[in-house]
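Okay, so here's the structure we're looking at.
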Amino acid sequence: MNRIVRTAVSLVAGCLVAVVIAQTGNAAARSFWPDYAAAEPTKAYSLAMLVARLAVGALCTAAAACITTIIARDGRAAWLLGGILLAISLPIHLFRVWADYPAWYHIVYLGYLVPIAGLAGLAIQRLSLWQGRPLKPSIDH
């Protein structure tokens, strides 16, 4: 598989992983945290709930970046994934849900997407080097 196709596939997989983890995390919060479930319809989240939402977002971003890096065999793809997640999230946060959350929440969420994705990709790439299995782009002739 050539590098461009591999990167494209890795980005799609990363986006899907991010969505699945986000949905799973939110479903778990609703199931195991009755106050969260009660607050969700009106988005009347407490500080702890907002921090939990940010943590789920960070987790899904990092996991998606790891998957992207593994499939692409290149840590740079994780930075691109972070940019894609930011490009998708920015209009949603600015135009659809801005009034639903405090400004600091949006700033934190939007501000960590690219760095967490990029650093997670770098970490998984370095981990693979440490374990003696470097992630190298495939060379197609």
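Ordering of the structure tokens sets the chain letters (A, B, ...); residue numbers start at 1 within each chain; ligands are numbered from 1 in the order shown.
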Sorted by chain and rising residue number, which residues of range 71-129 of chain A lie within 9 Å of range 12-31 of chain A, and what are their closest atom pairs and distances in Å to one decimal, counting only C-alpha atoms, as a Markdown table?
| residue | atom | partner | partner_atom | distance |
| --- | --- | --- | --- | --- |
| A:Ile71 | CA | A:Ala13 | CA | 8.4 |
| A:Ala78 | CA | A:Gly14 | CA | 8.6 |
| A:Leu81 | CA | A:Gly14 | CA | 7.2 |
| A:Ile84 | CA | A:Cys15 | CA | 8.6 |
| A:Leu85 | CA | A:Cys15 | CA | 7.6 |
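CA of Trp79 in chain A is found 20.3 Å from CA of Ile92 in chain A.
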- Query: With only C-alpha atoms as the basis for distance, which of A:Leu119, A:Ala63, A:Ala39, A:Leu110 is at the shortest distance from Gly75 in chain A?
  - Reply: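 Going through A:Leu119, A:Ala63, A:Ala39, A:Leu110 one by one, the smallest distance to Gly75 in chain A is for A:Leu119.
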Taken to one decimal, the CA of Leu122 in chain A-CA of Leu11 in chain A distance is 15.4 Å
Quick check for you: according to DSSP on this backbone, which residues of chain A are classed as alpha helix (DSSP H)? Reply as a PyMOL selection string. chain A and resi 3-32+34-39+47-72+76-91+103-130
Which residue gives the smallest distance to Ala77 in chain A among A:Ala44, A:Leu113, A:Val97, A:Ile4, with only C-alpha atoms counted?
->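 Residue with the minimum atom-to-atom distance to Ala77 in chain A: A:Ile4.
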